[in-house]
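Heads up, run_16.tsv below (TSV, C-alpha atoms):
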```tsv
chain	number	residue	atom	x	y	z
A	1	MET	CA	11.17	11.92	12.36
A	2	TYR	CA	11.28	15.63	13.14
A	3	THR	CA	8.74	18.22	12.07
A	4	GLN	CA	9.02	19.50	8.53
A	5	PHE	CA	7.72	23.06	8.44
A	6	SER	CA	5.74	24.41	5.51
A	7	LEU	CA	6.94	26.57	2.62
A	8	PRO	CA	9.73	24.35	1.28
A	9	ILE	CA	12.85	25.97	-0.12
A	10	ASP	CA	15.33	24.90	-2.77
A	11	ILE	CA	17.65	21.97	-2.22
A	12	PRO	CA	21.27	23.03	-1.53
A	13	ASN	CA	23.73	23.12	-4.43
A	14	ILE	CA	25.62	19.95	-3.49
A	15	ASP	CA	27.89	18.34	-6.08
A	16	ASP	CA	28.67	14.63	-6.35
A	17	SER	CA	31.31	14.94	-3.63
A	18	GLY	CA	28.86	16.45	-1.14
A	19	PHE	CA	30.67	19.79	-1.13
A	20	LEU	CA	28.55	22.93	-1.21
A	21	LYS	CA	29.60	25.42	-3.88
A	22	SER	CA	29.05	29.15	-4.23
A	23	GLU	CA	30.87	32.18	-5.58
A	24	CYS	CA	32.90	32.56	-2.37
A	25	ASN	CA	34.58	29.17	-2.77
A	26	SER	CA	34.35	28.63	-6.54
A	27	PHE	CA	37.94	29.60	-7.32
A	28	ALA	CA	39.31	27.33	-4.58
A	29	CYS	CA	37.12	24.46	-5.83
A	30	LYS	CA	38.23	24.88	-9.43
A	31	PHE	CA	41.88	25.07	-8.47
A	32	VAL	CA	41.77	21.97	-6.27
A	33	GLU	CA	39.90	20.05	-8.98
A	34	SER	CA	42.49	20.88	-11.66
A	35	TRP	CA	45.82	21.04	-9.80
A	36	PRO	CA	48.42	19.69	-10.48
A	37	SER	CA	47.18	18.85	-13.99
A	38	ILE	CA	47.58	22.58	-14.53
A	39	LEU	CA	50.35	24.66	-12.94
A	40	THR	CA	52.41	21.52	-12.48
A	41	ASN	CA	55.43	23.56	-11.39
A	42	TYR	CA	53.46	24.78	-8.34
A	43	TYR	CA	54.76	22.04	-6.09
A	44	ILE	CA	53.18	23.33	-2.88
A	45	THR	CA	49.81	25.03	-2.45
A	46	ILE	CA	48.38	26.39	0.78
A	47	LEU	CA	44.59	26.36	1.12
A	48	THR	CA	43.48	28.99	3.60
A	49	GLY	CA	40.28	30.42	5.03
A	50	GLU	CA	38.43	30.86	8.30
A	51	LYS	CA	37.42	27.95	10.51
A	52	LYS	CA	34.63	25.69	9.25
A	53	CYS	CA	34.87	27.04	5.68
A	54	GLY	CA	35.47	23.62	4.11
A	55	LYS	CA	39.27	23.54	3.79
A	56	THR	CA	39.61	20.03	5.17
A	57	THR	CA	36.79	18.75	2.97
A	58	LEU	CA	38.50	20.10	-0.16
A	59	LEU	CA	41.82	18.75	1.10
A	60	HIS	CA	40.45	15.22	1.36
A	61	LEU	CA	38.72	15.47	-2.02
A	62	TRP	CA	42.12	16.31	-3.50
A	63	GLN	CA	43.68	13.50	-1.48
A	64	ASN	CA	41.19	10.93	-2.81
A	65	LYS	CA	41.59	12.13	-6.38
A	66	ASN	CA	45.39	11.93	-6.31
A	67	LYS	CA	45.80	9.10	-3.79
A	68	ALA	CA	47.83	11.49	-1.68
A	69	PHE	CA	49.58	10.46	1.52
A	70	GLU	CA	48.69	12.42	4.67
A	71	ILE	CA	51.78	13.55	6.56
A	72	LYS	CA	51.04	13.81	10.27
A	73	PRO	CA	53.28	15.57	12.80
A	74	ILE	CA	55.79	13.10	14.20
A	75	LYS	CA	59.27	13.65	15.60
A	76	HIS	CA	61.00	10.76	13.81
A	77	LEU	CA	62.40	12.23	10.61
A	78	ASP	CA	63.44	8.83	9.21
A	79	LYS	CA	59.78	7.70	9.11
A	80	ILE	CA	58.80	10.93	7.36
A	81	ILE	CA	61.57	10.49	4.78
A	82	GLN	CA	60.38	6.96	3.99
A	83	SER	CA	56.85	8.25	3.35
A	84	LEU	CA	58.21	11.01	1.13
A	85	GLU	CA	60.23	8.58	-0.94
A	86	ASN	CA	57.33	6.17	-1.46
A	87	ASN	CA	54.68	8.69	-2.57
A	88	LYS	CA	54.20	11.46	-5.10
A	89	TYR	CA	51.33	13.49	-3.64
A	90	PHE	CA	50.92	14.63	-0.03
A	91	ILE	CA	48.58	16.55	2.25
A	92	ILE	CA	49.09	18.30	5.57
A	93	ASP	CA	45.92	19.30	7.43
A	94	ASP	CA	46.31	22.34	9.72
A	95	ILE	CA	49.94	23.37	9.49
A	96	PHE	CA	49.70	24.93	12.97
A	97	ARG	CA	50.02	21.39	14.39
A	98	TRP	CA	53.66	21.50	13.24
A	99	SER	CA	54.57	24.53	15.35
A	100	LYS	CA	56.73	22.33	17.63
A	101	LEU	CA	58.25	20.35	14.76
A	102	GLN	CA	59.50	23.16	12.57
A	103	GLU	CA	62.76	21.57	11.44
A	104	GLN	CA	60.88	18.47	10.28
A	105	LEU	CA	58.36	20.57	8.39
A	106	LEU	CA	61.12	22.54	6.65
A	107	HIS	CA	62.73	19.27	5.59
A	108	ILE	CA	59.41	18.04	4.15
A	109	ILE	CA	58.90	21.23	2.18
A	110	ASN	CA	62.41	21.23	0.77
A	111	TYR	CA	62.14	17.56	-0.18
A	112	VAL	CA	58.83	18.06	-2.00
A	113	VAL	CA	60.11	21.03	-3.99
A	114	ASN	CA	63.52	19.55	-4.80
A	115	ASN	CA	61.96	16.30	-6.00
A	116	LYS	CA	59.13	18.00	-7.89
A	117	LYS	CA	56.38	16.30	-5.94
A	118	HIS	CA	53.13	17.97	-4.81
A	119	LEU	CA	51.85	18.94	-1.38
A	120	LEU	CA	48.53	20.54	-0.42
A	121	ILE	CA	48.43	22.25	2.99
A	122	THR	CA	45.56	23.80	4.96
A	123	ASN	CA	45.88	26.68	7.38
A	124	ASN	CA	43.65	29.35	8.93
A	125	TYR	CA	46.23	32.11	8.54
A	126	THR	CA	48.73	33.39	5.99
A	127	ASN	CA	51.04	35.27	8.36
A	128	PHE	CA	53.45	32.43	9.01
A	129	ASN	CA	55.74	34.57	11.15
A	130	GLU	CA	53.04	34.46	13.83
A	131	ILE	CA	53.12	30.66	13.88
A	132	PHE	CA	56.75	29.75	13.25
A	133	ASN	CA	59.86	31.27	14.78
A	134	LEU	CA	62.13	29.38	12.38
A	135	THR	CA	62.85	32.17	9.91
A	136	ASP	CA	63.71	29.93	6.95
A	137	LEU	CA	60.46	28.02	7.38
A	138	ALA	CA	58.24	31.11	7.61
A	139	SER	CA	59.96	32.63	4.61
A	140	ARG	CA	59.64	29.45	2.57
A	141	LEU	CA	55.93	29.09	3.33
A	142	SER	CA	55.29	32.72	2.41
A	143	SER	CA	56.70	32.09	-1.07
A	144	PHE	CA	54.20	29.39	-2.01
A	145	ASN	CA	50.92	29.57	-3.87
A	146	VAL	CA	48.02	30.51	-1.54
A	147	ILE	CA	44.40	29.75	-2.45
A	148	LYS	CA	41.82	31.37	-0.18
A	149	ILE	CA	38.24	30.35	0.52
A	150	GLU	CA	36.51	33.68	0.96
A	151	SER	CA	34.07	34.68	3.70
A	152	VAL	CA	30.68	33.04	3.40
A	153	ASP	CA	28.23	34.75	1.03
A	154	SER	CA	24.45	34.78	1.37
A	155	SER	CA	23.97	31.99	-1.17
A	156	LEU	CA	26.30	29.61	0.64
A	157	ALA	CA	24.94	30.66	4.04
A	158	LYS	CA	21.48	29.63	2.89
A	159	GLN	CA	22.76	26.31	1.57
A	160	LEU	CA	24.68	25.53	4.77
A	161	LEU	CA	21.67	26.27	6.96
A	162	MET	CA	19.43	24.13	4.81
A	163	LYS	CA	21.92	21.26	4.74
A	164	ASN	CA	22.28	21.32	8.54
A	165	PHE	CA	18.52	21.17	9.05
A	166	ILE	CA	17.84	18.60	6.33
A	167	GLN	CA	20.25	16.21	8.07
A	168	TYR	CA	17.73	16.15	10.94
A	169	GLN	CA	14.72	16.09	8.58
A	170	ILE	CA	13.89	19.64	9.63
A	171	ARG	CA	12.81	22.17	7.04
A	172	LEU	CA	12.45	25.75	8.24
A	173	LYS	CA	10.13	28.27	6.69
A	174	LYS	CA	11.77	30.40	4.04
A	175	GLU	CA	11.10	33.53	6.10
A	176	PHE	CA	13.14	32.05	8.98
A	177	ILE	CA	16.12	31.31	6.75
A	178	ASP	CA	15.88	34.81	5.24
A	179	PHE	CA	15.66	36.37	8.71
A	180	ILE	CA	18.87	34.66	9.83
A	181	ILE	CA	20.75	35.70	6.69
A	182	ASP	CA	19.46	39.29	6.70
A	183	ASN	CA	19.95	40.03	10.39
A	184	TYR	CA	23.25	38.41	11.34
A	185	GLU	CA	26.80	38.96	10.17
A	186	LEU	CA	27.33	35.30	9.46
A	187	SER	CA	30.58	33.39	9.53
A	188	TYR	CA	30.99	29.67	8.88
A	189	SER	CA	31.32	29.03	12.61
A	190	LEU	CA	28.28	31.15	13.49
A	191	ILE	CA	26.14	29.30	10.96
A	192	GLU	CA	27.05	26.03	12.65
A	193	GLU	CA	26.34	27.51	16.09
A	194	ILE	CA	22.94	28.90	15.07
A	195	SER	CA	21.98	25.64	13.38
A	196	LYS	CA	22.83	23.66	16.49
A	197	LYS	CA	20.75	25.95	18.74
A	198	ILE	CA	17.69	25.62	16.51
A	199	ILE	CA	18.04	21.85	16.09
A	200	ASP	CA	18.51	21.35	19.84
A	201	TYR	CA	15.41	23.43	20.56
A	202	ILE	CA	13.22	21.47	18.14
A	203	VAL	CA	14.52	18.08	19.28
A	204	ASN	CA	14.25	18.91	22.99
A	205	ASN	CA	10.76	20.44	22.75
A	206	ASN	CA	8.92	17.57	21.09
A	207	ASN	CA	8.89	19.20	17.66
A	208	LYS	CA	7.05	22.26	18.99
A	209	ASN	CA	6.12	24.65	16.21
A	210	LEU	CA	8.74	27.36	15.82
A	211	THR	CA	7.69	31.01	15.58
A	212	LEU	CA	9.81	33.98	14.54
A	213	LYS	CA	9.76	35.26	18.11
A	214	MET	CA	11.02	31.90	19.39
A	215	LEU	CA	13.68	31.87	16.70
A	216	LYS	CA	15.03	35.23	17.85
A	217	GLU	CA	15.16	34.06	21.45
A	218	ILE	CA	16.91	30.82	20.53
A	219	ILE	CA	19.62	32.55	18.49
A	220	THR	CA	20.26	35.34	20.99
```

Taking this structure as input, can you express it in the form of structure tokens?
Amino acid sequence: MYTQFSLPIDIPNIDDSGFLKSECNSFACKFVESWPSILTNYYITILTGEKKCGKTTLLHLWQNKNKAFEIKPIKHLDKIIQSLENNKYFIIDDIFRWSKLQEQLLHIINYVVNNKKHLLITNNYTNFNEIFNLTDLASRLSSFNVIKIESVDSSLAKQLLMKNFIQYQIRLKKEFIDFIIDNYELSYSLIEEISKKIIDYIVNNNNKNLTLKMLKEIIT
């Protein structure tokens, strides 16, 4: 068991699914929870946001709710067609993985729309012309509904840090959490990187008490 520092802070705002919610991802969460019960004629939705923002987690929550079939990049179109015919809901995680299978992806998209089925896609970017050189595919993707998870806000940053540390039974002082949030331009990836540095230090130094000076040196 690792050291639990004094001055406990609030428990992260984790829902029953384990997903952390804040203002920056609330719209995306609400949409994924309610679609396609609402906006049924939106047959394809693209969930976008920076790396580590929780796109894949939301994708799989939607998959579990709707018993959606995950379409993975394969060359054999006949196998893809069989999967499309046998299911109603689909997911594609990280559309960039289809950059070498553009014709197949275009076929999937057209099939889903023409047959009024539903597909949820994740992607880090919304400029599809940078990913795909097949003009029809890039144009088609650009016409679909895009839901963005916004940049991390201070509330979610705090929750993510706390969750990362609690997993290792480590509880930092509130002033340390506040220092990280107030002094760094945090992204989802940077939060994960900072958390890992602090956890590694504590684990590798026999639970040595952490000071603010040490914290600064570890993060730098």

Using all atoms listed in the file, which residues sit within 8 Å of A:Ala138 once same-chain residues fewer than 6 positions away are excluded, as a list of chain:residue names?
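In the requested form, the answer reads A:Phe128, A:Asn129, A:Phe132.
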
Atom-to-atom span, atom CA of A:Thr122 and atom CA of A:Gln159, Å
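Atom CA of A:Gln159 lies 23.2 Å from atom CA of A:Thr122.
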
Give me, as a ChimeraX atom specification, all polymer residues having an atom no more than 12 Å from A:Lys216, counting all atoms listed in the file and skipping those fewer than 2 positions away in the same chain.
/A:176-177,179-180,183-184,194,197-198,210-214,218-220

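Residues lying within 12 Å of (48.8, 19.8, -11.7). Counted over all atoms listed in the file, they are Lys30, Phe31, Val32, Glu33, Ser34, Trp35, Pro36, Ser37, Ile38, Leu39, Thr40, Asn41, Tyr42, Tyr43, Ile44, Thr45, Trp62, Lys65, Asn66, Lys88, Tyr89, Lys116, Lys117, His118, Leu119 and Leu120 of chain A.
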
Interatomic distance, atom CA of A:Ile81 to atom CA of A:Ile121 (Å, one decimal):
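Between these atoms lies a distance of 17.7 Å.
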
Contacts of A:Glu23 at 12 Å or less, counting all atoms listed in the file, minus same-chain residues fewer than 6 places along, as a VMD selection string?
chain A and resid 13 29 to 30 149 to 157

So that I can see what lies close to A:Thr135, please list as a VMD selection string the residues with an atom at most 12 Å from it, counting only C-alpha atoms and leaving out residues fewer than 5 positions away in the same chain.
chain A and resid 102 to 103 106 128 to 130 140 to 142

Can you tell me, as a list in words, what residues are no more than 8 Å from A:Thr48 when counting all atoms listed in the file, ignoring any on the same chain fewer than 5 positions away?
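Neighbouring residues, sequence-local ones excluded: Lys55, Thr122, Asn123, Asn124, Tyr125, Thr126, Val146, Ile147, Lys148 and Ile149 of chain A.
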
What does the distance from atom CA of A:Phe19 to atom CA of A:Phe144 come to in Å, to one decimal?
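Separation of atom CA of A:Phe19 and atom CA of A:Phe144: 25.4 Å.
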
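Nearest to A:Leu58 of all the residues A:Leu20, A:Leu105, A:Ile166, A:Leu77 is A:Leu20, counting all atoms listed in the file.
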
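Using all atoms listed in the file for every distance, the candidate list A:Glu85, A:Asp93, A:Asp78, A:Asp178 yields A:Asp93 as the residue closest to A:His60.
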
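Using only C-alpha atoms, the smallest distance between any of A:Ala28, A:Leu186, A:Ile170, A:Ile109 and A:Ile95 comes from A:Ile109.
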
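The closest residue to A:Lys163, picked from A:Val112, A:Ile131, A:Cys53, A:Ile191 and counting all atoms listed in the file, is A:Ile191.
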